[in-house]
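Novice: Take this structure first; my questions come after.
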Amino acid sequence: MSLTLAALNAASPAEFARLLDGTFEHSPWVVERAAPMRPFATLDQLKLAFVRVLREASHDERLALLRSHPELAGRAMVSNTLTAESNDEQSRAGLTACSPEEFAALQRLNTAWNAKFGFPFMLAVRGPRGTGLTRGQIIAEFERRLANPADHELEECLRQVHRVVEIRLDDKLGHVPGLGNRILDDAQALAVHSDPGFAERGLLTVTYLTDAHRACARQLDAWMREAGFDEVVHDAVGNVVGVYHGADPAARRLMTGSHYDTVRNGGRFDGRLGILVPIACVRELARAGRRLPYGIEVIGFAEEEGQRYKATFLGSGALVGRFDPAWLDQADAAGITMRDAMRGAGLAIEDIPALVRDPARYLGFVEVHIEQGPVLAEAGLPLGVVTSINGSLRYVGEAVGMAAHAGTTPMGSRRDAAAAVAEIILYLERRAAAVPEVVGTVGLLEVPQGSINVVPGRCRFSLDIRATRDAVRDACAADVMAEIERIRARRSVEIRLEETMRAPAAPSDAAWQARWERAVASLGLPVHRMPSGAGHDAMMLHRVMPQAMLFMRGLNLGISHNPLESITNDDADLVVRAFMAMLEDLAATPA
């Protein structure tokens, strides 16, 4: 019989510690310090209590906790002195059946790791789904993380401890994150479709209207029909649109969704999470035979990333009248125009204007998305409520000075283009850091035909300035431009700038943001509010209807647009339950 929260809440402190013995490896003090935080309304509250205990622990205590863990395939395994929990985990990952070559690789890595960090390598070897990583995956992760800085790995190893503890608690309390498992499985199934040149290398790339893109659309269609949607169509730009009617089929609808295209060499959850989660919710409603007072329209947007053609937000933009007919004449790297690609896919270009939605038919738009950043992971929180999608400004620029011999040109006589740009970079960094809601980046930096012994005469660069409010963003940009003028005059260099993008901020609608907050709180989780620095389809729908987003934590410090992008089944389960709670909240308090 599984342990229950009720039993844990009712237990004496000593009994509480006994019931959770083995949760933390040889470190009962963590459980003991969590006991006064009872009662726990949910399992997730219990998990977060342990996060809080370790955050409040001293550096030495945290280090001792890590050192209490065994090495992977190390001496404790060989001598058969692992705890029951560690033995189970290492066995599930096949570490007790290593080949001689694998065992030797792990011993080499353990030695190198301990020499560099002074504590064992920590990895939740049961993995994101809880079923176990392969030995190859474990060794590859070990090798990758060995290159990381010590302070980074101290925190990452503690995050891995929390994942190990989460899985152990799931086992002790009989919790199976079934909804989350389905999300991970569907994301993996969708990821088998990838464009040529990437598929052969096991990498994920899905660009607009390729064979892989169209295969994804067919799969989403099949899942929507299987889930119980009443209508499923592929529209004139390739969006996959599923409708689950309300109790009254004529009732207004809640619109939700995200994109199913990817960047080149991307991850499995960017965009796609926001399609799979509402499909899972409709599946649950249909299984229960429930109709809500409103309809649900889930859209898999065909294009958001602008990878094959320079036409970002094509899928969601078409719904708000932002499809630019000039895009049709763009050609991809193979010379295929968008017009020909759309015709080849059987899309009716002439029907695109009819895709524009009437806002009066909708309650609003919500989107679930992987965070694509480190904030939630560093905070130890699974979910975050988005307050605004940052408005952004982008520029490309070039500084032009005078090339000169590096050895014969006195420092006071130089017109160094690269040094001028270096000043710009440092000023942007300081200026953006001075205001919490602003971020500034120079992502492109190039000295054309540079040479080690030549003072740079030219330097190309980019500027990316973002903020939650346009006025704050523009104030930062104005200060940067003023500083550039001062640098130009002081260094006698010419600096040219071209604005290449100006996207307005999209603040979350207050009522819809509150719904997400209540949904998160209903799970026993703290409400963490945060801006989105990346752009999303919600920015397009913001133009015509209220919108609000929910972020979900990613593994590997939230890295995205990368094969390392990942999530856990427990977090995915939470985000589905949060979405269901939001739907119930909307049913009880209509917009």
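Residues in the structure tokens are named by chain (A, B, ... in the order shown) and by number from 1 within that chain; ligands are numbered from 1 in the order shown.
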Determine, counting only C-alpha atoms, which protein, DNA and RNA residues have an atom within 12 Å of an atom of Glu423 of chain A; residues of the same chain fewer than 6 positions away are not included. Present the result as a list of chain:residue names.

Specialist: A:Ala399, A:Asp416, A:Ala417, A:Glu429, A:Arg430, A:Val442, A:Val480, A:Glu483, A:Ile484, A:Glu485, A:Arg486, A:Ile487, A:Arg488, A:Arg490, A:Arg491

Novice: As a VMD selection string, please: all residues of segment 261-494 of chain A that backbone DSSP puts in strand (DSSP E or B).

Specialist: chain A and resid 295 to 301 331 337 362 to 370 383 to 389 391 to 400 402 404 to 405 415 438 to 441 445 to 446 454 to 455 458 to 467 494

Novice: Measuring atom to atom with only C-alpha atoms, identify which of A:Ala14, A:Leu254, A:Val421, A:Ala288 is nearest to Pro359 of chain A.

Specialist: A:Leu254

Novice: From the options A:Ile279, A:Leu54, A:Ile567, A:Asp470, which residue's atoms come nearest to Gln188 of chain A, counting only C-alpha atoms?

Specialist: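 Ranking A:Ile279, A:Leu54, A:Ile567, A:Asp470 by distance to Gln188 of chain A, first place goes to A:Ile567.
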
Novice: Just to confirm, what's the straight-line distance from atom CA of Gln90 of chain A to atom CA of Ala124 of chain A in Å (one decimal)?

Specialist: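 According to the coordinates, atom CA of Gln90 of chain A and atom CA of Ala124 of chain A are separated by 9.5 Å.
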
Novice: Leaving out His213 of chain A and any residue of its chain fewer than 6 positions from it, which residues lie within 8 Å of it when counting only C-alpha atoms, given as an NGL selection string?

Specialist: :A and (193-195 or 206-207 or 260-261)

Novice: Kindly save the residues from that selection, with N, CA, C and O atoms included, as a PDB file, in the first residue's frame.

Specialist:
```pdb
ATOM      1  N   HIS A 193       9.980  13.014 -37.290  1.00  0.00           N
ATOM      2  CA  HIS A 193       9.907  13.691 -38.586  1.00  0.00           C
ATOM      3  C   HIS A 193      10.897  14.847 -38.598  1.00  0.00           C
ATOM      4  O   HIS A 193      10.794  15.782 -37.791  1.00  0.00           O
ATOM      5  N   SER A 194      11.860  14.801 -39.500  1.00  0.00           N
ATOM      6  CA  SER A 194      12.885  15.839 -39.556  1.00  0.00           C
ATOM      7  C   SER A 194      13.335  16.009 -41.002  1.00  0.00           C
ATOM      8  O   SER A 194      13.289  15.064 -41.799  1.00  0.00           O
ATOM      9  N   ASP A 195      13.774  17.219 -41.329  1.00  0.00           N
ATOM     10  CA  ASP A 195      14.166  17.529 -42.699  1.00  0.00           C
ATOM     11  C   ASP A 195      15.437  16.779 -43.105  1.00  0.00           C
ATOM     12  O   ASP A 195      16.289  16.475 -42.258  1.00  0.00           O
ATOM     13  N   VAL A 206      12.418  21.026 -38.653  1.00  0.00           N
ATOM     14  CA  VAL A 206      11.166  20.945 -39.401  1.00  0.00           C
ATOM     15  C   VAL A 206      10.832  22.344 -39.897  1.00  0.00           C
ATOM     16  O   VAL A 206      10.433  23.205 -39.109  1.00  0.00           O
ATOM     17  N   THR A 207      11.029  22.579 -41.185  1.00  0.00           N
ATOM     18  CA  THR A 207      10.767  23.896 -41.754  1.00  0.00           C
ATOM     19  C   THR A 207       9.520  23.852 -42.629  1.00  0.00           C
ATOM     20  O   THR A 207       9.053  22.788 -43.033  1.00  0.00           O
ATOM     21  N   TYR A 260       4.366  24.263 -34.724  1.00  0.00           N
ATOM     22  CA  TYR A 260       4.977  22.940 -34.817  1.00  0.00           C
ATOM     23  C   TYR A 260       6.195  22.907 -35.720  1.00  0.00           C
ATOM     24  O   TYR A 260       6.839  21.868 -35.866  1.00  0.00           O
ATOM     25  N   ASP A 261       6.556  24.029 -36.343  1.00  0.00           N
ATOM     26  CA  ASP A 261       7.841  24.084 -37.043  1.00  0.00           C
ATOM     27  C   ASP A 261       8.949  24.265 -36.008  1.00  0.00           C
ATOM     28  O   ASP A 261       8.680  24.561 -34.850  1.00  0.00           O
TER      29      ASP A 261
END
```

Novice: Counting only C-alpha atoms, which residue out of A:Arg308, A:Arg201, A:Arg290, A:Arg126 sits closest to Val165 of chain A?

Specialist: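 Going through A:Arg308, A:Arg201, A:Arg290, A:Arg126 one by one, the smallest distance to Val165 of chain A is for A:Arg126.
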
Novice: If you run DSSP on the backbone here, which positions in segment 216-435 of chain A get helix (DSSP H, G or I)? Please write them as number ranges by chain.

Specialist: A: 216-227, 273-287, 314-320, 325-329, 338-344, 349-355, 359-361, 375-379, 411-413, 417-433

Novice: Would you mind listing what lies within 10 Å of Val439 of chain A as a PyMOL selection string, with only C-alpha atoms counted and same-chain residues fewer than 6 positions away left out?

Specialist: chain A and resi 390+392+428-429+431-433+464-468+473+476+533

Novice: Put those residues in a file: all heavy atoms, as a compact mmCIF listing (two decimals), in the first residue's frame.

Specialist:
```txt
# COMPACT_ATOMS: atom_id res chain seq x y z
N ASN A 390 8.16 40.55 -24.22
CA ASN A 390 8.99 41.72 -24.44
C ASN A 390 8.84 42.29 -25.85
O ASN A 390 8.80 41.54 -26.83
CB ASN A 390 10.46 41.39 -24.22
CG ASN A 390 10.83 41.31 -22.76
OD1 ASN A 390 9.98 41.51 -21.89
ND2 ASN A 390 12.08 41.04 -22.47
N SER A 392 10.75 44.24 -28.82
CA SER A 392 12.16 44.17 -29.20
C SER A 392 12.49 45.13 -30.33
O SER A 392 11.65 45.46 -31.17
CB SER A 392 12.54 42.74 -29.58
OG SER A 392 11.77 42.30 -30.68
N LEU A 428 26.01 49.01 -23.62
CA LEU A 428 24.69 48.37 -23.69
C LEU A 428 24.50 47.42 -22.51
O LEU A 428 23.42 47.37 -21.91
CB LEU A 428 24.55 47.61 -25.01
CG LEU A 428 23.27 46.77 -25.17
CD1 LEU A 428 22.03 47.65 -25.11
CD2 LEU A 428 23.30 45.98 -26.49
N GLU A 429 25.54 46.69 -22.16
CA GLU A 429 25.45 45.77 -21.03
C GLU A 429 25.13 46.53 -19.74
O GLU A 429 24.25 46.13 -18.96
CB GLU A 429 26.76 45.01 -20.90
CG GLU A 429 26.76 43.96 -19.80
CD GLU A 429 28.08 43.22 -19.72
OE1 GLU A 429 29.11 43.88 -19.46
OE2 GLU A 429 28.08 41.99 -19.91
N ARG A 431 23.84 49.62 -19.42
CA ARG A 431 22.55 50.33 -19.50
C ARG A 431 21.39 49.37 -19.32
O ARG A 431 20.41 49.67 -18.60
CB ARG A 431 22.45 51.06 -20.84
CG ARG A 431 21.12 51.75 -21.11
CD ARG A 431 20.79 52.80 -20.03
NE ARG A 431 19.55 53.49 -20.32
CZ ARG A 431 18.33 52.99 -20.08
NH1 ARG A 431 18.20 51.79 -19.52
NH2 ARG A 431 17.25 53.69 -20.37
N ALA A 432 21.45 48.22 -19.96
CA ALA A 432 20.36 47.25 -19.84
C ALA A 432 20.28 46.70 -18.42
O ALA A 432 19.19 46.52 -17.86
CB ALA A 432 20.54 46.12 -20.84
N ALA A 433 21.42 46.46 -17.80
CA ALA A 433 21.44 45.89 -16.45
C ALA A 433 20.91 46.87 -15.41
O ALA A 433 20.51 46.46 -14.32
CB ALA A 433 22.86 45.47 -16.09
N ASP A 464 20.42 44.06 -30.08
CA ASP A 464 19.09 43.50 -29.78
C ASP A 464 18.69 44.05 -28.41
O ASP A 464 19.35 43.77 -27.41
CB ASP A 464 19.16 41.98 -29.76
CG ASP A 464 17.79 41.32 -29.56
OD1 ASP A 464 17.05 41.73 -28.66
OD2 ASP A 464 17.48 40.38 -30.32
N ILE A 465 17.65 44.86 -28.37
CA ILE A 465 17.20 45.51 -27.12
C ILE A 465 15.74 45.12 -26.89
O ILE A 465 14.89 45.33 -27.77
CB ILE A 465 17.35 47.03 -27.20
CG1 ILE A 465 18.81 47.42 -27.50
CG2 ILE A 465 16.88 47.69 -25.91
CD1 ILE A 465 19.01 48.89 -27.78
N ARG A 466 15.47 44.58 -25.71
CA ARG A 466 14.11 44.12 -25.41
C ARG A 466 13.69 44.59 -24.02
O ARG A 466 14.51 44.74 -23.12
CB ARG A 466 14.04 42.59 -25.47
CG ARG A 466 14.59 41.99 -26.75
CD ARG A 466 14.34 40.51 -26.81
NE ARG A 466 15.08 39.89 -27.91
CZ ARG A 466 14.78 38.74 -28.48
NH1 ARG A 466 13.72 38.07 -28.05
NH2 ARG A 466 15.51 38.25 -29.46
N ALA A 467 12.39 44.78 -23.87
CA ALA A 467 11.83 45.16 -22.57
C ALA A 467 10.35 44.83 -22.54
O ALA A 467 9.71 44.66 -23.58
CB ALA A 467 12.05 46.64 -22.29
N THR A 468 9.81 44.76 -21.33
CA THR A 468 8.40 44.41 -21.17
C THR A 468 7.48 45.53 -21.62
O THR A 468 6.30 45.30 -21.88
CB THR A 468 8.09 44.07 -19.70
OG1 THR A 468 8.51 45.17 -18.89
CG2 THR A 468 8.82 42.82 -19.27
N ARG A 473 11.95 50.12 -23.40
CA ARG A 473 12.86 49.65 -24.46
C ARG A 473 13.39 50.83 -25.28
O ARG A 473 14.59 50.95 -25.54
CB ARG A 473 12.11 48.68 -25.38
CG ARG A 473 12.88 48.21 -26.60
CD ARG A 473 11.93 47.75 -27.68
NE ARG A 473 11.11 48.85 -28.18
CZ ARG A 473 10.02 48.70 -28.94
NH1 ARG A 473 9.60 47.49 -29.24
NH2 ARG A 473 9.35 49.74 -29.36
N CYS A 476 15.99 52.95 -23.53
CA CYS A 476 17.31 52.30 -23.56
C CYS A 476 17.96 52.51 -24.92
O CYS A 476 19.14 52.85 -25.02
CB CYS A 476 17.18 50.81 -23.25
SG CYS A 476 18.74 49.91 -23.31
N GLY A 533 11.18 36.94 -22.64
CA GLY A 533 12.13 37.64 -23.49
C GLY A 533 12.07 37.22 -24.94
O GLY A 533 12.56 37.92 -25.83
```

Novice: Find the residues near segment 549-556 of chain A: any atom within 8 Å, counting only C-alpha atoms, skip ones fewer than 6 places away on the same chain, and give them as a PyMOL selection string.

Specialist: chain A and resi 366-374+376-377+381-387+508+513+516+538+564-568+571-572+575

Novice: Near Glu15 of chain A, within 10 Å and counting only C-alpha atoms, which residues show up once chain neighbours fewer than 6 positions away are dropped, as a PDB file with all heavy atoms, in the first residue's frame?

Specialist:
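result-v9.pdb written:
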```pdb
ATOM      1  N   ALA A   7      -1.101  10.618   5.776  1.00  0.00           N
ATOM      2  CA  ALA A   7      -0.283   9.936   6.772  1.00  0.00           C
ATOM      3  C   ALA A   7       0.954  10.756   7.116  1.00  0.00           C
ATOM      4  O   ALA A   7       1.352  10.844   8.283  1.00  0.00           O
ATOM      5  CB  ALA A   7       0.120   8.555   6.266  1.00  0.00           C
ATOM      6  N   LEU A   8       1.563  11.361   6.123  1.00  0.00           N
ATOM      7  CA  LEU A   8       2.737  12.193   6.364  1.00  0.00           C
ATOM      8  C   LEU A   8       2.383  13.416   7.198  1.00  0.00           C
ATOM      9  O   LEU A   8       3.130  13.813   8.098  1.00  0.00           O
ATOM     10  CB  LEU A   8       3.355  12.622   5.032  1.00  0.00           C
ATOM     11  CG  LEU A   8       4.101  11.543   4.253  1.00  0.00           C
ATOM     12  CD1 LEU A   8       4.486  12.070   2.864  1.00  0.00           C
ATOM     13  CD2 LEU A   8       5.347  11.084   5.005  1.00  0.00           C
ATOM     14  N   ASP A  21      12.376   7.852   4.900  1.00  0.00           N
ATOM     15  CA  ASP A  21      13.765   7.392   4.943  1.00  0.00           C
ATOM     16  C   ASP A  21      14.190   6.922   3.541  1.00  0.00           C
ATOM     17  O   ASP A  21      13.437   6.230   2.851  1.00  0.00           O
ATOM     18  CB  ASP A  21      13.901   6.232   5.936  1.00  0.00           C
ATOM     19  CG  ASP A  21      15.332   5.733   6.032  1.00  0.00           C
ATOM     20  OD1 ASP A  21      16.233   6.567   6.235  1.00  0.00           O
ATOM     21  OD2 ASP A  21      15.547   4.510   5.889  1.00  0.00           O
ATOM     22  N   GLU A  32      14.009  16.053   7.993  1.00  0.00           N
ATOM     23  CA  GLU A  32      13.703  16.547   9.331  1.00  0.00           C
ATOM     24  C   GLU A  32      13.383  18.047   9.317  1.00  0.00           C
ATOM     25  O   GLU A  32      12.472  18.509  10.021  1.00  0.00           O
ATOM     26  CB  GLU A  32      14.882  16.258  10.258  1.00  0.00           C
ATOM     27  CG  GLU A  32      15.063  14.768  10.552  1.00  0.00           C
ATOM     28  CD  GLU A  32      16.415  14.446  11.168  1.00  0.00           C
ATOM     29  OE1 GLU A  32      17.201  15.398  11.413  1.00  0.00           O
ATOM     30  OE2 GLU A  32      16.685  13.258  11.402  1.00  0.00           O
ATOM     31  N   ALA A  35       9.791  18.830   8.054  1.00  0.00           N
ATOM     32  CA  ALA A  35       8.638  18.401   8.857  1.00  0.00           C
ATOM     33  C   ALA A  35       7.823  19.564   9.413  1.00  0.00           C
ATOM     34  O   ALA A  35       6.579  19.530   9.381  1.00  0.00           O
ATOM     35  CB  ALA A  35       9.111  17.477   9.982  1.00  0.00           C
TER      36      ALA A  35
END
```

Novice: Go through A:Arg414, A:Arg357, A:Arg38, A:His259 one by one, measure the shortest atom-to-atom distance of each to Gly274 of chain A using only C-alpha atoms, and give the residue with the smallest value.

Specialist: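 Checking each candidate against Gly274 of chain A, we get A:His259 as the closest.
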
Novice: Need the shell around Met338 of chain A: protein/DNA/RNA residues with any atom at most 12 Å away, counting only C-alpha atoms. Skip same-chain ones fewer than 3 positions apart. Format as number ranges by chain?

Specialist: A: 207-210, 237, 306, 308-311, 314, 324-335, 341-345, 347, 349

Novice: Write the residues of the preceding selection, restricted to C-alpha atoms, as a PDB file, in the first residue's frame.

Specialist:
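Contents of the output file part-v1.pdb:
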```
ATOM      1  CA  THR A 207      10.767  23.896 -41.754  1.00  0.00           C
ATOM      2  CA  TYR A 208       7.687  25.195 -43.509  1.00  0.00           C
ATOM      3  CA  LEU A 209       5.931  22.749 -45.871  1.00  0.00           C
ATOM      4  CA  THR A 210       8.737  20.219 -46.182  1.00  0.00           C
ATOM      5  CA  VAL A 237      -1.402  28.385 -44.707  1.00  0.00           C
ATOM      6  CA  GLY A 306      11.120  32.011 -40.191  1.00  0.00           C
ATOM      7  CA  ARG A 308      12.812  28.400 -44.685  1.00  0.00           C
ATOM      8  CA  TYR A 309      11.464  31.808 -45.676  1.00  0.00           C
ATOM      9  CA  LYS A 310      11.832  35.212 -44.060  1.00  0.00           C
ATOM     10  CA  ALA A 311       8.254  35.208 -42.837  1.00  0.00           C
ATOM     11  CA  LEU A 314       3.204  33.275 -40.738  1.00  0.00           C
ATOM     12  CA  ASP A 324       2.121  39.679 -46.500  1.00  0.00           C
ATOM     13  CA  PRO A 325       1.469  38.604 -50.132  1.00  0.00           C
ATOM     14  CA  ALA A 326       5.025  39.685 -50.992  1.00  0.00           C
ATOM     15  CA  TRP A 327       6.219  36.639 -49.038  1.00  0.00           C
ATOM     16  CA  LEU A 328       4.872  34.395 -51.784  1.00  0.00           C
ATOM     17  CA  ASP A 329       7.696  35.432 -54.112  1.00  0.00           C
ATOM     18  CA  GLN A 330      10.462  34.623 -51.645  1.00  0.00           C
ATOM     19  CA  ALA A 331      12.647  31.672 -52.641  1.00  0.00           C
ATOM     20  CA  ASP A 332      14.277  29.204 -50.262  1.00  0.00           C
ATOM     21  CA  ALA A 333      17.883  27.989 -50.516  1.00  0.00           C
ATOM     22  CA  ALA A 334      16.871  25.564 -53.264  1.00  0.00           C
ATOM     23  CA  GLY A 335      15.142  28.289 -55.291  1.00  0.00           C
ATOM     24  CA  ALA A 341       5.712  25.302 -51.963  1.00  0.00           C
ATOM     25  CA  MET A 342       2.148  26.145 -50.931  1.00  0.00           C
ATOM     26  CA  ARG A 343       0.702  24.969 -54.206  1.00  0.00           C
ATOM     27  CA  GLY A 344       2.742  21.768 -53.963  1.00  0.00           C
ATOM     28  CA  ALA A 345       1.240  21.159 -50.534  1.00  0.00           C
ATOM     29  CA  LEU A 347      -2.914  24.892 -50.055  1.00  0.00           C
ATOM     30  CA  ILE A 349      -3.541  30.630 -51.486  1.00  0.00           C
TER      31      ILE A 349
END
```

Novice: Please compute the atom CA of Leu525 of chain A-atom CA of Glu584 of chain A distance, one decimal, in Å.

Specialist: 17.4 Å

Novice: Have a look at atom CA of Pro504 of chain A and atom CA of Ala591 of chain A and let me know their distance in Å, one decimal.

Specialist: 25.1 Å
